[in-house]
>>> print(open('protein-v4.txt').read())   # compact mmCIF, C-alpha atoms
# COMPACT_ATOMS: atom_id res chain seq x y z
CA MET A 1 0.00 0.00 0.00
CA LYS A 2 1.15 3.51 -0.80
CA ALA A 3 1.27 6.52 1.46
CA ALA A 4 1.92 10.16 0.66
CA ILE A 5 3.20 12.65 3.19
CA VAL A 6 2.25 16.19 2.27
CA VAL A 7 4.94 18.76 2.90
CA PHE A 8 3.92 22.40 3.24
CA PRO A 9 6.37 25.25 3.75
CA GLY A 10 6.91 25.03 7.52
CA THR A 11 6.03 21.35 7.99
CA ASN A 12 8.54 19.72 10.33
CA CYS A 13 7.25 16.26 11.28
CA GLU A 14 7.44 14.73 7.82
CA LYS A 15 10.56 12.69 8.54
CA ASP A 16 9.13 11.05 11.69
CA THR A 17 5.89 10.29 9.85
CA PHE A 18 7.88 8.85 6.92
CA GLU A 19 9.82 6.50 9.21
CA ALA A 20 6.64 5.43 10.98
CA CYS A 21 4.91 4.66 7.67
CA ARG A 22 7.92 2.71 6.46
CA TYR A 23 7.99 0.71 9.70
CA PHE A 24 4.40 -0.33 8.96
CA GLY A 25 5.37 -1.49 5.48
CA LEU A 26 3.83 1.38 3.54
CA GLU A 27 5.52 2.43 0.33
CA THR A 28 5.94 6.07 1.29
CA GLU A 29 6.67 9.27 -0.63
CA TYR A 30 6.83 12.94 0.22
CA ILE A 31 4.67 15.20 -1.90
CA TRP A 32 4.89 18.98 -2.12
CA HIS A 33 1.75 20.92 -1.25
CA ASN A 34 1.10 21.96 -4.85
CA GLU A 35 0.45 18.35 -5.94
CA THR A 36 -3.18 17.64 -6.87
CA ASN A 37 -3.06 14.14 -8.33
CA LEU A 38 -3.36 11.76 -5.38
CA LYS A 39 -4.92 8.82 -7.25
CA LYS A 40 -2.10 6.36 -6.66
CA TYR A 41 -2.13 6.61 -2.87
CA ASP A 42 -4.05 4.68 -0.21
CA PHE A 43 -3.11 6.99 2.66
CA ILE A 44 -2.49 10.73 2.68
CA PHE A 45 -0.74 12.10 5.76
CA LEU A 46 -0.86 15.77 6.75
CA PRO A 47 2.01 15.82 9.24
CA GLY A 48 2.73 18.16 12.13
CA GLY A 49 4.62 21.42 12.00
CA PHE A 50 3.90 25.04 11.31
CA SER A 51 2.53 25.22 7.78
CA TYR A 52 2.97 28.77 6.47
CA GLY A 53 4.47 29.67 9.84
CA ASP A 54 0.98 29.48 11.43
CA TYR A 55 0.47 32.98 9.97
CA ILE A 56 -2.96 34.50 10.73
CA HIS A 57 -3.98 31.22 12.40
CA SER A 58 -2.64 27.67 12.40
CA GLY A 59 -3.73 25.87 9.22
CA ARG A 60 -5.43 28.96 7.83
CA LEU A 61 -3.19 29.55 4.81
CA ALA A 62 -2.46 25.87 4.15
CA LYS A 63 -6.14 25.32 3.36
CA PHE A 64 -5.58 27.22 0.10
CA SER A 65 -2.78 24.91 -1.09
CA PRO A 66 -3.63 23.00 -4.30
CA VAL A 67 -3.17 19.67 -2.50
CA MET A 68 -6.29 20.39 -0.42
CA GLN A 69 -8.47 20.27 -3.54
CA GLY A 70 -6.83 16.93 -4.37
CA ILE A 71 -7.58 15.74 -0.83
CA LYS A 72 -11.25 16.74 -1.11
CA GLU A 73 -11.51 14.69 -4.33
CA PHE A 74 -9.59 11.81 -2.70
CA ILE A 75 -12.17 11.75 0.12
CA CYS A 76 -15.12 12.25 -2.20
CA HIS A 77 -14.09 9.30 -4.40
CA LYS A 78 -13.34 7.15 -1.33
CA ARG A 79 -9.83 6.39 -2.57
CA GLY A 80 -8.32 5.92 0.86
CA ILE A 81 -7.74 7.44 4.25
CA VAL A 82 -6.61 10.95 5.08
CA ILE A 83 -4.71 11.33 8.36
CA GLY A 84 -4.02 14.69 10.00
CA ILE A 85 -1.58 14.89 12.87
CA CYS A 86 -1.32 18.05 14.98
CA ASN A 87 -0.97 20.82 12.35
CA GLY A 88 -2.68 18.37 9.97
CA PHE A 89 -5.70 18.34 12.30
CA GLN A 90 -5.70 22.15 12.31
CA ILE A 91 -5.55 22.21 8.49
CA LEU A 92 -8.43 19.70 8.17
CA CYS A 93 -10.59 21.80 10.51
CA GLU A 94 -9.72 25.06 8.77
CA SER A 95 -10.59 23.43 5.41
CA LYS A 96 -13.95 22.38 6.90
CA ILE A 97 -13.19 18.75 6.07
CA LEU A 98 -13.71 18.15 9.79
CA PRO A 99 -16.08 20.19 11.96
CA GLY A 100 -14.93 22.71 14.56
CA ALA A 101 -11.64 24.52 15.01
CA LEU A 102 -8.51 24.49 17.15
CA THR A 103 -7.42 27.53 19.07
CA ILE A 104 -4.89 28.55 21.69
CA ASN A 105 -4.53 26.27 24.76
CA ILE A 106 -6.44 27.48 27.79
CA SER A 107 -3.15 27.63 29.73
CA ASN A 108 -1.74 29.93 27.02
CA ARG A 109 1.32 27.67 27.00
CA PHE A 110 3.00 25.39 24.53
CA ILE A 111 2.47 21.88 25.92
CA CYS A 112 5.19 19.31 25.20
CA ASP A 113 4.64 16.13 27.18
CA ASP A 114 3.75 12.44 27.14
CA ILE A 115 0.14 12.22 28.23
CA PRO A 116 -2.49 9.53 28.77
CA ILE A 117 -5.12 9.33 26.04
CA TYR A 118 -8.26 7.23 25.72
CA MET A 119 -8.67 5.46 22.41
CA GLY A 120 -12.18 4.15 22.98
CA GLU A 121 -11.93 2.25 26.26
CA LYS A 122 -8.20 1.69 25.94
CA GLU A 123 -5.66 3.96 27.63
CA ILE A 124 -2.42 4.73 25.79
CA THR A 125 0.37 7.26 26.29
CA LEU A 126 1.24 9.58 23.42
CA PRO A 127 3.46 12.64 23.01
CA VAL A 128 1.76 16.00 22.46
CA ALA A 129 3.46 19.20 21.33
CA HIS A 130 1.22 22.14 20.56
CA LYS A 131 0.08 25.61 21.57
CA GLU A 132 -3.13 25.68 19.55
CA GLY A 133 -4.84 22.44 20.46
CA ARG A 134 -8.01 23.54 22.23
CA TYR A 135 -10.79 21.96 20.21
CA ILE A 136 -13.95 24.04 19.84
CA PHE A 137 -17.14 23.15 18.00
CA ASP A 138 -20.53 24.74 17.48
CA LYS A 139 -23.15 23.39 19.83
CA SER A 140 -25.26 22.47 16.78
CA THR A 141 -22.63 19.96 15.56
CA GLN A 142 -23.36 16.30 16.27
CA ILE A 143 -19.93 15.31 17.52
CA SER A 144 -20.36 12.37 19.89
CA ASN A 145 -20.04 9.66 17.21
CA LEU A 146 -17.00 11.33 15.63
CA ILE A 147 -14.70 11.20 18.66
CA PHE A 148 -11.58 9.10 18.08
CA LEU A 149 -9.30 10.13 20.98
CA LYS A 150 -9.94 11.81 24.34
CA TYR A 151 -7.53 13.27 26.88
CA LYS A 152 -7.64 11.41 30.19
CA LYS A 153 -6.90 14.74 31.87
CA ASN A 154 -7.93 17.70 29.75
CA ILE A 155 -4.61 19.45 29.10
CA ASN A 156 -5.67 22.28 26.83
CA GLY A 157 -9.33 23.11 27.46
CA SER A 158 -10.74 21.12 24.52
CA MET A 159 -14.51 20.70 24.54
CA LEU A 160 -15.50 17.16 25.64
CA ASP A 161 -11.76 16.41 26.20
CA ILE A 162 -11.44 15.78 22.45
CA ALA A 163 -7.92 14.91 21.25
CA GLY A 164 -8.84 13.32 17.92
CA LEU A 165 -11.74 12.96 15.50
CA TYR A 166 -12.84 11.08 12.44
CA ASP A 167 -15.44 12.03 9.90
CA ARG A 168 -18.73 10.19 9.52
CA GLN A 169 -17.37 7.70 6.98
CA LYS A 170 -14.14 7.17 8.92
CA ARG A 171 -12.16 8.17 5.81
CA VAL A 172 -10.61 11.16 7.54
CA ILE A 173 -8.91 10.81 10.88
CA ALA A 174 -7.15 13.54 12.81
CA MET A 175 -5.51 14.02 16.18
CA MET A 176 -3.43 16.47 18.21
CA PRO A 177 -1.06 13.83 19.73
CA HIS A 178 1.92 12.64 17.69
CA PRO A 179 1.70 8.83 17.28
CA GLU A 180 4.61 8.97 14.79
CA ARG A 181 6.87 10.00 17.68
CA ALA A 182 5.99 6.87 19.64
CA ILE A 183 6.77 4.04 17.25
CA PHE A 184 10.32 3.01 18.16
CA LYS A 185 11.48 2.09 21.64
CA GLU A 186 14.34 4.59 21.28
CA THR A 187 11.84 7.44 21.54
CA GLY A 188 10.41 6.16 24.81
CA SER A 189 7.05 4.64 23.92
CA LYS A 190 5.60 2.34 21.27
CA ASP A 191 1.97 3.30 21.91
CA GLY A 192 1.82 5.22 18.64
CA CYS A 193 1.74 1.77 16.98
CA GLU A 194 -1.83 1.39 18.30
CA ILE A 195 -2.89 4.36 16.18
CA PHE A 196 -1.01 3.25 13.05
CA ASN A 197 -2.30 -0.31 13.43
CA PHE A 198 -5.84 0.99 13.72
CA ILE A 199 -5.48 3.24 10.67
CA ILE A 200 -3.73 0.72 8.46
CA LYS A 201 -5.42 -2.52 9.48
CA GLU A 202 -8.87 -1.62 10.74
CA LEU A 203 -10.05 1.26 8.59
CA MET B 204 -9.67 51.59 -8.06
CA LYS B 205 -7.97 50.76 -4.83
CA PHE B 206 -9.90 50.41 -1.61
CA LYS B 207 -8.32 50.26 1.78
CA ALA B 208 -9.96 48.55 4.75
CA GLU B 209 -9.11 48.20 8.40
CA ILE B 210 -10.33 45.00 10.01
CA LYS B 211 -10.54 43.88 13.60
CA VAL B 212 -10.66 40.16 14.44
CA LEU B 213 -11.56 38.79 17.88
CA LEU B 214 -12.37 35.35 19.27
CA LYS B 215 -16.14 34.93 19.54
CA ASP B 216 -17.58 36.14 22.86
CA ASP B 217 -18.24 32.65 24.22
CA ILE B 218 -14.69 31.41 23.53
CA LYS B 219 -12.20 31.99 26.32
CA ASP B 220 -9.23 34.18 25.39
CA PRO B 221 -6.29 33.01 27.54
CA GLN B 222 -4.05 35.93 26.50
CA GLY B 223 -6.75 38.37 27.58
CA ILE B 224 -7.38 36.49 30.83
CA GLN B 225 -3.67 36.47 31.68
CA THR B 226 -3.41 40.20 30.99
CA GLU B 227 -6.44 40.81 33.24
CA ILE B 228 -4.73 38.88 36.04
CA ILE B 229 -1.64 41.08 35.72
CA LEU B 230 -3.67 44.30 35.66
CA ASN B 231 -5.64 43.18 38.70
CA ARG B 232 -2.61 41.94 40.63
CA THR B 233 -0.49 45.03 40.05
CA GLY B 234 -3.38 47.28 41.04
CA ILE B 235 -3.30 49.12 37.69
CA ASP B 236 -7.00 48.33 37.46
CA GLU B 237 -8.59 45.79 39.76
CA SER B 238 -11.59 45.15 37.55
CA ALA B 239 -10.03 45.45 34.08
CA LYS B 240 -11.41 43.21 31.33
CA VAL B 241 -9.23 42.35 28.32
CA ARG B 242 -9.99 40.67 25.00
CA THR B 243 -7.09 40.28 22.56
CA GLY B 244 -7.40 40.19 18.81
CA LYS B 245 -5.79 40.98 15.50
CA TYR B 246 -5.83 44.02 13.29
CA PHE B 247 -5.41 43.93 9.51
CA ILE B 248 -4.96 46.62 6.90
CA LEU B 249 -6.15 45.35 3.56
CA THR B 250 -5.99 47.00 0.15
CA VAL B 251 -8.05 45.54 -2.69
CA ASN B 252 -8.70 46.39 -6.31
CA ALA B 253 -12.33 46.79 -7.32
CA LYS B 254 -14.51 48.59 -9.87
CA ASN B 255 -16.67 50.30 -7.28
CA GLU B 256 -17.43 50.49 -3.61
CA GLU B 257 -19.98 47.68 -3.67
CA THR B 258 -17.65 45.11 -5.26
CA ALA B 259 -14.84 46.24 -2.97
CA TYR B 260 -17.02 45.65 0.06
CA LYS B 261 -18.01 42.18 -1.20
CA LYS B 262 -14.38 41.31 -1.80
CA ILE B 263 -13.31 42.52 1.64
CA LYS B 264 -16.16 40.59 3.29
CA ASN B 265 -15.15 37.43 1.43
CA ILE B 266 -11.52 37.82 2.54
CA CYS B 267 -12.66 38.38 6.13
CA GLU B 268 -14.83 35.28 6.16
CA ASN B 269 -12.48 32.91 4.35
CA VAL B 270 -8.98 34.05 5.17
CA LEU B 271 -8.84 36.34 8.17
CA THR B 272 -11.34 34.42 10.31
CA ASN B 273 -12.85 31.01 10.82
CA PRO B 274 -16.52 31.73 11.57
CA CYS B 275 -16.56 28.81 13.99
CA LEU B 276 -13.94 30.54 16.12
CA GLU B 277 -13.68 34.24 15.39
CA LYS B 278 -15.72 37.32 14.60
CA TYR B 279 -14.66 40.35 12.61
CA GLU B 280 -15.57 43.96 12.19
CA ILE B 281 -14.70 46.18 9.22
CA LEU B 282 -13.65 49.37 10.99
CA LYS B 283 -13.12 51.45 7.90
CA ALA B 284 -13.27 50.85 4.15
CA GLU B 285 -12.60 53.68 1.79
CA LYS B 286 -11.15 54.59 -1.60
CA GLU B 287 -7.44 55.07 -1.39
>>> encode(input="protein-v4.txt", output="structure tokens")
Amino acid sequence: MKAAIVVFPGTNCEKDTFEACRYFGLETEYIWHNETNLKKYDFIFLPGGFSYGDYIHSGRLAKFSPVMQGIKEFICHKRGIVIGICNGFQILCESKILPGALTINISNRFICDDIPIYMGEKEITLPVAHKEGRYIFDKSTQISNLIFLKYKKNINGSMLDIAGLYDRQKRVIAMMPHPERAIFKETGSKDGCEIFNFIIKEL
Amino acid sequence: MKFKAEIKVLLKDDIKDPQGIQTEIILNRTGIDESAKVRTGKYFILTVNAKNEETAYKKIKNICENVLTNPCLEKYEILKAEKE
């Protein structure tokens, strides 16, 4: 199976995501954010970082990159799965591919830590590293069946402790934690494998 | 013709603004003003090309709603829009 990792100006987690994908046997390529033809891929990753320097708002300018039109078609034609990690989650929300938005943490601080997360009933530990991870949604949005990950202890003020979401068809999946940083024992935890296993084998 | 607009962007009223809250705490603690309220935001100066005032206004509104804000999160106000 083939995976593409989208690189925007300012993306900085592409290498970790690449190594994680390769570890799971995916034939992986980087693609620049002006690519629109995504037909040959099964997975599209929007990795973490600071696309367009987070100018105006995180993910705001990246939503205008040509690749986003390709991603909308990719989802529409059910070609595969789109995964947004951290800044990728922000981009997917800003593009309205997922509902809601992410704004500055309630503590006003950048949080960089390993924290406990609920993936359904299961508790795992994943690294987080963000300043704009407080998830907000309109009260009119039906969100309860879209929740993928929850913080055990709400670290950033997210509504309903939301740390990750999928869309109704489970073709788009996004999260603030960085599973790609918890794949190899050298980086302290292998719990990120739970996320990759779920994405690659179960979806 | 060129039209210049000044735009103010704030988080929506029901969304907590941690930078504002922190500033309030400082103002209260230092005694500068014990009951000060602070909301932080962004200010943009935008110049657009348009045939007339009406199309300029439409263009500015579109930029506000699609680029400068996310309606789910932020609100905006066009403070001034005039021919340059």
>>> interface_residues(input="protein-v4.txt", of="chain B", to="chain A", cutoff="10 Å", atoms="all atoms listed in the file", output="MDAnalysis selection string")
chainID B and resid 214 218:225 245 247 269:277
>>> write_last_selection(input="protein-v4.txt", atoms="C-alpha atoms", output="PDB file, keeping the file's coordinate frame")
ATOM      1  CA  LEU B 214     -12.370  35.350  19.270  1.00  0.00           C
ATOM      2  CA  ILE B 218     -14.690  31.410  23.530  1.00  0.00           C
ATOM      3  CA  LYS B 219     -12.200  31.990  26.320  1.00  0.00           C
ATOM      4  CA  ASP B 220      -9.230  34.180  25.390  1.00  0.00           C
ATOM      5  CA  PRO B 221      -6.290  33.010  27.540  1.00  0.00           C
ATOM      6  CA  GLN B 222      -4.050  35.930  26.500  1.00  0.00           C
ATOM      7  CA  GLY B 223      -6.750  38.370  27.580  1.00  0.00           C
ATOM      8  CA  ILE B 224      -7.380  36.490  30.830  1.00  0.00           C
ATOM      9  CA  GLN B 225      -3.670  36.470  31.680  1.00  0.00           C
ATOM     10  CA  LYS B 245      -5.790  40.980  15.500  1.00  0.00           C
ATOM     11  CA  PHE B 247      -5.410  43.930   9.510  1.00  0.00           C
ATOM     12  CA  ASN B 269     -12.480  32.910   4.350  1.00  0.00           C
ATOM     13  CA  VAL B 270      -8.980  34.050   5.170  1.00  0.00           C
ATOM     14  CA  LEU B 271      -8.840  36.340   8.170  1.00  0.00           C
ATOM     15  CA  THR B 272     -11.340  34.420  10.310  1.00  0.00           C
ATOM     16  CA  ASN B 273     -12.850  31.010  10.820  1.00  0.00           C
ATOM     17  CA  PRO B 274     -16.520  31.730  11.570  1.00  0.00           C
ATOM     18  CA  CYS B 275     -16.560  28.810  13.990  1.00  0.00           C
ATOM     19  CA  LEU B 276     -13.940  30.540  16.120  1.00  0.00           C
ATOM     20  CA  GLU B 277     -13.680  34.240  15.390  1.00  0.00           C
TER      21      GLU B 277
END
>>> residues_around(input="protein-v4.txt", residues="Ile248 in chain B", least_positions_apart="2", cutoff="9 Å", atoms="all atoms listed in the file", output="list in words")
Lys207, Ala208, Glu209, Ile210, Tyr246 and Thr250 of chain B
>>> atom_distance(input="protein-v4.txt", atom1="CA of Leu149 in chain A", atom2="CA of Val82 in chain A")
16.1 Å
>>> closest_residue(input="protein-v4.txt", among="A:Lys201, A:Lys39, A:Lys15, A:Lys122", to="Arg181 in chain A", atoms="only C-alpha atoms")
A:Lys15
>>> residues_around(input="protein-v4.txt", residues="Phe89 in chain A", least_positions_apart="3", cutoff="10 Å", atoms="only C-alpha atoms", output="PDB file with C-alpha atoms, keeping the file's coordinate frame")
ATOM      1  CA  LEU A  46      -0.860  15.770   6.750  1.00  0.00           C
ATOM      2  CA  PRO A  47       2.010  15.820   9.240  1.00  0.00           C
ATOM      3  CA  GLY A  48       2.730  18.160  12.130  1.00  0.00           C
ATOM      4  CA  SER A  58      -2.640  27.670  12.400  1.00  0.00           C
ATOM      5  CA  GLY A  59      -3.730  25.870   9.220  1.00  0.00           C
ATOM      6  CA  ILE A  83      -4.710  11.330   8.360  1.00  0.00           C
ATOM      7  CA  GLY A  84      -4.020  14.690  10.000  1.00  0.00           C
ATOM      8  CA  ILE A  85      -1.580  14.890  12.870  1.00  0.00           C
ATOM      9  CA  CYS A  86      -1.320  18.050  14.980  1.00  0.00           C
ATOM     10  CA  LEU A  92      -8.430  19.700   8.170  1.00  0.00           C
ATOM     11  CA  CYS A  93     -10.590  21.800  10.510  1.00  0.00           C
ATOM     12  CA  GLU A  94      -9.720  25.060   8.770  1.00  0.00           C
ATOM     13  CA  SER A  95     -10.590  23.430   5.410  1.00  0.00           C
ATOM     14  CA  ILE A  97     -13.190  18.750   6.070  1.00  0.00           C
ATOM     15  CA  LEU A  98     -13.710  18.150   9.790  1.00  0.00           C
ATOM     16  CA  ALA A 101     -11.640  24.520  15.010  1.00  0.00           C
ATOM     17  CA  LEU A 102      -8.510  24.490  17.150  1.00  0.00           C
ATOM     18  CA  GLY A 133      -4.840  22.440  20.460  1.00  0.00           C
ATOM     19  CA  ALA A 163      -7.920  14.910  21.250  1.00  0.00           C
ATOM     20  CA  GLY A 164      -8.840  13.320  17.920  1.00  0.00           C
ATOM     21  CA  LEU A 165     -11.740  12.960  15.500  1.00  0.00           C
ATOM     22  CA  VAL A 172     -10.610  11.160   7.540  1.00  0.00           C
ATOM     23  CA  ILE A 173      -8.910  10.810  10.880  1.00  0.00           C
ATOM     24  CA  ALA A 174      -7.150  13.540  12.810  1.00  0.00           C
ATOM     25  CA  MET A 175      -5.510  14.020  16.180  1.00  0.00           C
ATOM     26  CA  MET A 176      -3.430  16.470  18.210  1.00  0.00           C
ATOM     27  CA  PRO A 177      -1.060  13.830  19.730  1.00  0.00           C
TER      28      PRO A 177
END
>>> residues_near_point(input="protein-v4.txt", point="(-12.3, 56.0, -5.1)", cutoff="12 Å", atoms="all atoms listed in the file", output="PyMOL selection string")
chain B and resi 204-207+251-257+259+284-287
>>> atom_distance(input="protein-v4.txt", atom1="CA of Val6 in chain A", atom2="CA of Ile143 in chain A")
26.9 Å
>>> closest_residue(input="protein-v4.txt", among="A:Lys2, A:Lys153, A:His178, A:Arg168", to="Arg79 in chain A", atoms="all atoms listed in the file")
A:Lys2
>>> atom_distance(input="protein-v4.txt", atom1="CA of Phe8 in chain A", atom2="CA of Asn156 in chain A")
25.5 Å
>>> decode(input="protein-v4.txt", residues="range 10-38 of chain A", atoms="C-alpha atoms", output="compact mmCIF listing (two decimals), in the first residue's frame")
# COMPACT_ATOMS: atom_id res chain seq x y z
CA GLY A 10 6.91 25.03 7.52
CA THR A 11 6.03 21.35 7.99
CA ASN A 12 8.54 19.72 10.33
CA CYS A 13 7.25 16.26 11.28
CA GLU A 14 7.44 14.73 7.82
CA LYS A 15 10.56 12.69 8.54
CA ASP A 16 9.13 11.05 11.69
CA THR A 17 5.89 10.29 9.85
CA PHE A 18 7.88 8.85 6.92
CA GLU A 19 9.82 6.50 9.21
CA ALA A 20 6.64 5.43 10.98
CA CYS A 21 4.91 4.66 7.67
CA ARG A 22 7.92 2.71 6.46
CA TYR A 23 7.99 0.71 9.70
CA PHE A 24 4.40 -0.33 8.96
CA GLY A 25 5.37 -1.49 5.48
CA LEU A 26 3.83 1.38 3.54
CA GLU A 27 5.52 2.43 0.33
CA THR A 28 5.94 6.07 1.29
CA GLU A 29 6.67 9.27 -0.63
CA TYR A 30 6.83 12.94 0.22
CA ILE A 31 4.67 15.20 -1.90
CA TRP A 32 4.89 18.98 -2.12
CA HIS A 33 1.75 20.92 -1.25
CA ASN A 34 1.10 21.96 -4.85
CA GLU A 35 0.45 18.35 -5.94
CA THR A 36 -3.18 17.64 -6.87
CA ASN A 37 -3.06 14.14 -8.33
CA LEU A 38 -3.36 11.76 -5.38
